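Trainee: Provided herewith is a single structure, encoded as structure tokens, for subsequent inquiry.
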Amino acid sequence: MGSRRDYYQDPNAPAANSLVPGGSALVTDDHGAVLMQRRGDSGNWSLPGGTMEIGETLEECVIRETREETGLDIEITGLLGIYTDPRHVIEYSDGEVRQEFAVTYYGRVTGGQIEVSDESTAVRFISFTELAHLPVHDTVRLRLQHHAERRSQPYLG
């Protein structure tokens, strides 16, 4: 697993040289806790998700990535927002510097059981109260904030 470093609103960030469509899922349990994984590459807690592969829709990508990363099967139930802020870039150890391009869907668990993948060190549902004290990247906190606001329309940004 390669290393990655996120830059957000950082004037010293390297210039992006890549744009890859990706998506994530915001899935809650019956108590409103959010399905999160602790990333092996950064140590941050994050929503499950990843990048599209040729031959699949973005919804199929998010369903596949959630299953791979958490062991849970989900269905897509809505759209939280579209996140394409050019001030968020991710630098990978191979020289790729990717501009954020992520769509976050709402999802609902339909089956499976929680399992940790080789990309993460932990997977569980976490309450908003506990999330406030855990390492979460600012761009993921933005998605969590948009969810907490119970917006009537998806975020477009």
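The chains in the structure tokens are called A, B, ... from first to last as shown; in each chain the residues are counted from 1, and the ligands are counted from 1 in the order shown.
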When DSSP works through the backbone of this structure, what residues of chain A end up as helix (DSSP H, G or I), shown as number ranges by chain?
Mentor: A: 58-70, 128-131, 138-148
Trainee: Could you write out that same residue set with C-alpha atoms as an mmCIF file, in the first residue's frame?
Mentor:
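Contents of out.cif, as written:
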```cif
data_model
loop_
_atom_site.group_PDB
_atom_site.id
_atom_site.type_symbol
_atom_site.label_atom_id
_atom_site.label_comp_id
_atom_site.auth_asym_id
_atom_site.auth_seq_id
_atom_site.Cartn_x
_atom_site.Cartn_y
_atom_site.Cartn_z
ATOM 1 C CA LEU A 58 -20.330 5.510 -10.047
ATOM 2 C CA GLU A 59 -23.151 4.002 -7.957
ATOM 3 C CA GLU A 60 -21.826 0.495 -8.734
ATOM 4 C CA CYS A 61 -18.333 1.698 -7.780
ATOM 5 C CA VAL A 62 -19.512 2.951 -4.377
ATOM 6 C CA ILE A 63 -21.438 -0.268 -3.696
ATOM 7 C CA ARG A 64 -18.373 -2.360 -4.687
ATOM 8 C CA GLU A 65 -15.895 -0.265 -2.713
ATOM 9 C CA THR A 66 -18.114 -0.283 0.392
ATOM 10 C CA ARG A 67 -18.356 -4.089 0.210
ATOM 11 C CA GLU A 68 -14.563 -4.414 -0.317
ATOM 12 C CA GLU A 69 -13.661 -2.005 2.482
ATOM 13 C CA THR A 70 -16.294 -2.818 5.118
ATOM 14 C CA PHE A 128 -21.084 12.223 15.829
ATOM 15 C CA THR A 129 -20.037 12.870 19.431
ATOM 16 C CA GLU A 130 -17.160 10.403 19.200
ATOM 17 C CA LEU A 131 -16.174 11.515 15.682
ATOM 18 C CA ASP A 138 -11.384 18.352 7.004
ATOM 19 C CA THR A 139 -12.928 17.317 3.672
ATOM 20 C CA VAL A 140 -14.637 14.330 5.341
ATOM 21 C CA ARG A 141 -15.777 16.556 8.213
ATOM 22 C CA LEU A 142 -17.395 18.799 5.581
ATOM 23 C CA ARG A 143 -19.447 15.831 4.321
ATOM 24 C CA LEU A 144 -20.416 14.909 7.882
ATOM 25 C CA GLN A 145 -21.442 18.523 8.513
ATOM 26 C CA HIS A 146 -23.577 18.548 5.360
ATOM 27 C CA HIS A 147 -25.263 15.335 6.565
ATOM 28 C CA ALA A 148 -25.881 16.819 10.025
#
```
Trainee: Could you pull out the strand (DSSP E) residues of region 1-143 of chain A, going by DSSP on the backbone, and write them as a PyMOL selection string?
Mentor: chain A and resi 4-8+18-19+22-27+34-39+45-46+49-51+72-83+88-92+97-99+102-112+120-126
Trainee: Hey, which of A:Val116, A:Ile90, A:Ile126, A:Ala13 ends up closest to Leu26 (chain A)? Count only C-alpha atoms.
Mentor: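 Of all the options, A:Ile126 lies closest to Leu26 (chain A).
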Trainee: List the spatial neighbours of Val103 (chain A) as a compact mmCIF listing (two decimals) with N, CA, C and O atoms, in the first residue's frame - criterion: any atom at most 12 Å away, only C-alpha atoms, same-chain residues fewer than 6 positions off excluded.
Mentor:
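Output file part-v4.txt is given in full below:
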```txt
# COMPACT_ATOMS: atom_id res chain seq x y z
N VAL A 20 -9.46 11.86 -11.18
CA VAL A 20 -10.02 10.52 -11.23
C VAL A 20 -11.38 10.52 -10.54
O VAL A 20 -11.47 10.87 -9.36
N PRO A 21 -12.46 10.14 -11.26
CA PRO A 21 -13.76 10.14 -10.61
C PRO A 21 -13.86 9.06 -9.53
O PRO A 21 -13.47 7.91 -9.75
N GLY A 22 -14.37 9.46 -8.38
CA GLY A 22 -14.53 8.53 -7.28
C GLY A 22 -15.79 8.84 -6.51
O GLY A 22 -16.47 9.84 -6.75
N GLY A 23 -16.11 7.96 -5.58
CA GLY A 23 -17.30 8.16 -4.79
C GLY A 23 -17.17 7.52 -3.42
O GLY A 23 -16.26 6.72 -3.17
N SER A 24 -18.07 7.92 -2.54
CA SER A 24 -18.09 7.35 -1.19
C SER A 24 -19.53 7.22 -0.74
O SER A 24 -20.45 7.76 -1.37
N ALA A 25 -19.70 6.48 0.36
CA ALA A 25 -21.04 6.24 0.89
C ALA A 25 -21.14 6.75 2.31
O ALA A 25 -20.24 6.51 3.13
N LEU A 26 -22.20 7.47 2.61
CA LEU A 26 -22.52 7.84 3.97
C LEU A 26 -23.69 6.95 4.40
O LEU A 26 -24.80 7.09 3.89
N LEU A 47 -15.05 7.89 5.20
CA LEU A 47 -16.18 7.16 4.64
C LEU A 47 -15.66 6.11 3.68
O LEU A 47 -14.64 6.33 3.01
N PRO A 48 -16.32 4.96 3.56
CA PRO A 48 -15.88 3.97 2.58
C PRO A 48 -16.10 4.50 1.17
O PRO A 48 -17.06 5.24 0.91
N GLY A 49 -15.20 4.15 0.26
CA GLY A 49 -15.34 4.58 -1.12
C GLY A 49 -14.06 4.38 -1.89
O GLY A 49 -13.07 3.85 -1.36
N GLY A 50 -14.08 4.80 -3.13
CA GLY A 50 -12.89 4.65 -3.97
C GLY A 50 -13.16 5.16 -5.37
O GLY A 50 -14.11 5.91 -5.59
N THR A 51 -12.33 4.74 -6.30
CA THR A 51 -12.39 5.28 -7.65
C THR A 51 -13.05 4.29 -8.62
O THR A 51 -12.99 3.08 -8.45
N MET A 52 -13.67 4.88 -9.64
CA MET A 52 -14.39 4.12 -10.65
C MET A 52 -13.45 3.26 -11.46
O MET A 52 -12.31 3.62 -11.72
N THR A 57 -20.86 2.01 -13.29
CA THR A 57 -21.36 3.33 -12.96
C THR A 57 -20.73 3.76 -11.65
O THR A 57 -20.17 2.94 -10.91
N LEU A 58 -20.87 5.04 -11.32
CA LEU A 58 -20.33 5.51 -10.05
C LEU A 58 -21.08 4.88 -8.88
O LEU A 58 -20.47 4.55 -7.86
N GLU A 59 -22.39 4.69 -9.02
CA GLU A 59 -23.15 4.00 -7.96
C GLU A 59 -22.61 2.59 -7.75
O GLU A 59 -22.42 2.15 -6.61
N CYS A 61 -19.65 1.53 -8.40
CA CYS A 61 -18.33 1.70 -7.78
C CYS A 61 -18.46 1.84 -6.27
O CYS A 61 -17.74 1.18 -5.52
N VAL A 62 -19.36 2.70 -5.81
CA VAL A 62 -19.51 2.95 -4.38
C VAL A 62 -20.02 1.70 -3.65
O VAL A 62 -19.55 1.37 -2.56
N GLY A 78 -29.72 7.92 -1.96
CA GLY A 78 -29.79 9.36 -2.22
C GLY A 78 -28.41 9.93 -2.47
O GLY A 78 -27.42 9.19 -2.54
N LEU A 79 -28.37 11.24 -2.60
CA LEU A 79 -27.13 11.94 -2.91
C LEU A 79 -26.86 12.99 -1.84
O LEU A 79 -27.68 13.90 -1.64
N LEU A 80 -25.74 12.87 -1.13
CA LEU A 80 -25.35 13.89 -0.16
C LEU A 80 -24.74 15.08 -0.87
O LEU A 80 -25.08 16.23 -0.60
N GLY A 81 -23.81 14.83 -1.80
CA GLY A 81 -23.21 15.96 -2.50
C GLY A 81 -22.13 15.56 -3.48
O GLY A 81 -21.70 14.40 -3.54
N ILE A 82 -21.70 16.56 -4.22
CA ILE A 82 -20.62 16.43 -5.21
C ILE A 82 -19.48 17.32 -4.73
O ILE A 82 -19.68 18.51 -4.47
N TYR A 83 -18.29 16.72 -4.62
CA TYR A 83 -17.14 17.41 -4.01
C TYR A 83 -15.99 17.41 -5.00
O TYR A 83 -15.36 16.38 -5.25
N THR A 84 -15.72 18.60 -5.59
CA THR A 84 -14.69 18.71 -6.62
C THR A 84 -13.80 19.93 -6.37
O THR A 84 -13.37 20.59 -7.31
N ASP A 85 -13.52 20.21 -5.12
CA ASP A 85 -12.75 21.40 -4.74
C ASP A 85 -11.31 21.28 -5.23
O ASP A 85 -10.57 20.40 -4.79
N VAL A 140 -13.64 15.31 4.87
CA VAL A 140 -14.64 14.33 5.34
C VAL A 140 -15.53 14.98 6.39
O VAL A 140 -16.75 14.76 6.41
N ARG A 143 -18.35 16.72 4.71
CA ARG A 143 -19.45 15.83 4.32
C ARG A 143 -20.32 15.49 5.54
O ARG A 143 -21.55 15.49 5.45
N PRO A 154 -28.85 18.31 -2.45
CA PRO A 154 -27.45 17.90 -2.36
C PRO A 154 -26.50 19.09 -2.42
O PRO A 154 -26.81 20.10 -3.06
N TYR A 155 -25.34 18.93 -1.79
CA TYR A 155 -24.28 19.95 -1.88
C TYR A 155 -23.65 19.84 -3.27
O TYR A 155 -23.33 18.73 -3.72
N LEU A 156 -23.45 20.97 -3.90
CA LEU A 156 -22.82 20.99 -5.23
C LEU A 156 -21.59 21.87 -5.14
O LEU A 156 -21.70 23.09 -5.06
N GLY A 157 -20.42 21.27 -5.13
CA GLY A 157 -19.22 22.07 -4.97
C GLY A 157 -17.98 21.38 -5.43
O GLY A 157 -18.00 20.25 -5.86
```
Trainee: Between CA of Gly32 (chain A) and CA of Asp6 (chain A), measure the distance and give it in Å to one decimal.
Mentor: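 These two atoms are separated by 27.5 Å.
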Trainee: Quick one, how far is CA of Arg4 (chain A) from CA of Tyr105 (chain A)?
Mentor: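 Taking CA of Arg4 (chain A) as the start and CA of Tyr105 (chain A) as the end point, the length is 23.5 Å.
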Trainee: Select, from A:Gln113, A:Thr104, A:Thr28, A:Gln99, the residue with the minimum atom-to-atom distance to Tyr7 (chain A), counting only C-alpha atoms.
Mentor: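 Looking only at the distances to Tyr7 (chain A), the closest residue turns out to be A:Gln99.
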Trainee: In Å to one decimal, how far is CA of Met36 (chain A) from CA of Glu119 (chain A)?
Mentor: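 Computing it gives 12.5 Å between the two atoms.
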Trainee: Residues near Thr121 (chain A), anyone? I mean within 9 Å using only C-alpha atoms, not counting same-chain ones fewer than 5 positions away, as a PyMOL selection string.
Mentor: chain A and resi 37-40+43+116
Trainee: Would you export the selected residues with N, CA and C atoms as a PDB file, in the first residue's frame, please?
Mentor:
```
ATOM      1  N   GLN A  37     -14.303   3.928   8.235  1.00  0.00           N
ATOM      2  CA  GLN A  37     -13.142   3.039   8.258  1.00  0.00           C
ATOM      3  C   GLN A  37     -11.916   3.862   8.618  1.00  0.00           C
ATOM      4  N   ARG A  38     -11.009   3.259   9.346  1.00  0.00           N
ATOM      5  CA  ARG A  38      -9.746   3.935   9.652  1.00  0.00           C
ATOM      6  C   ARG A  38      -8.736   3.530   8.590  1.00  0.00           C
ATOM      7  N   ARG A  39      -8.303   4.511   7.814  1.00  0.00           N
ATOM      8  CA  ARG A  39      -7.427   4.257   6.673  1.00  0.00           C
ATOM      9  C   ARG A  39      -6.052   3.788   7.141  1.00  0.00           C
ATOM     10  N   GLY A  40      -5.545   2.772   6.475  1.00  0.00           N
ATOM     11  CA  GLY A  40      -4.210   2.283   6.786  1.00  0.00           C
ATOM     12  C   GLY A  40      -3.123   3.231   6.322  1.00  0.00           C
ATOM     13  N   GLY A  43      -4.184   6.917   8.622  1.00  0.00           N
ATOM     14  CA  GLY A  43      -4.628   6.833  10.009  1.00  0.00           C
ATOM     15  C   GLY A  43      -5.910   7.588  10.295  1.00  0.00           C
ATOM     16  N   VAL A 116     -12.731  -5.956   8.316  1.00  0.00           N
ATOM     17  CA  VAL A 116     -11.668  -4.997   8.009  1.00  0.00           C
ATOM     18  C   VAL A 116     -10.925  -5.487   6.774  1.00  0.00           C
TER      19      VAL A 116
END
```
Trainee: Pick the closest to Gly112 (chain A) from A:Ala15, A:Glu56, A:Val27, A:Ile74: which is it, counting only C-alpha atoms?
Mentor: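 For Gly112 (chain A), the nearest of the given residues is A:Ile74.
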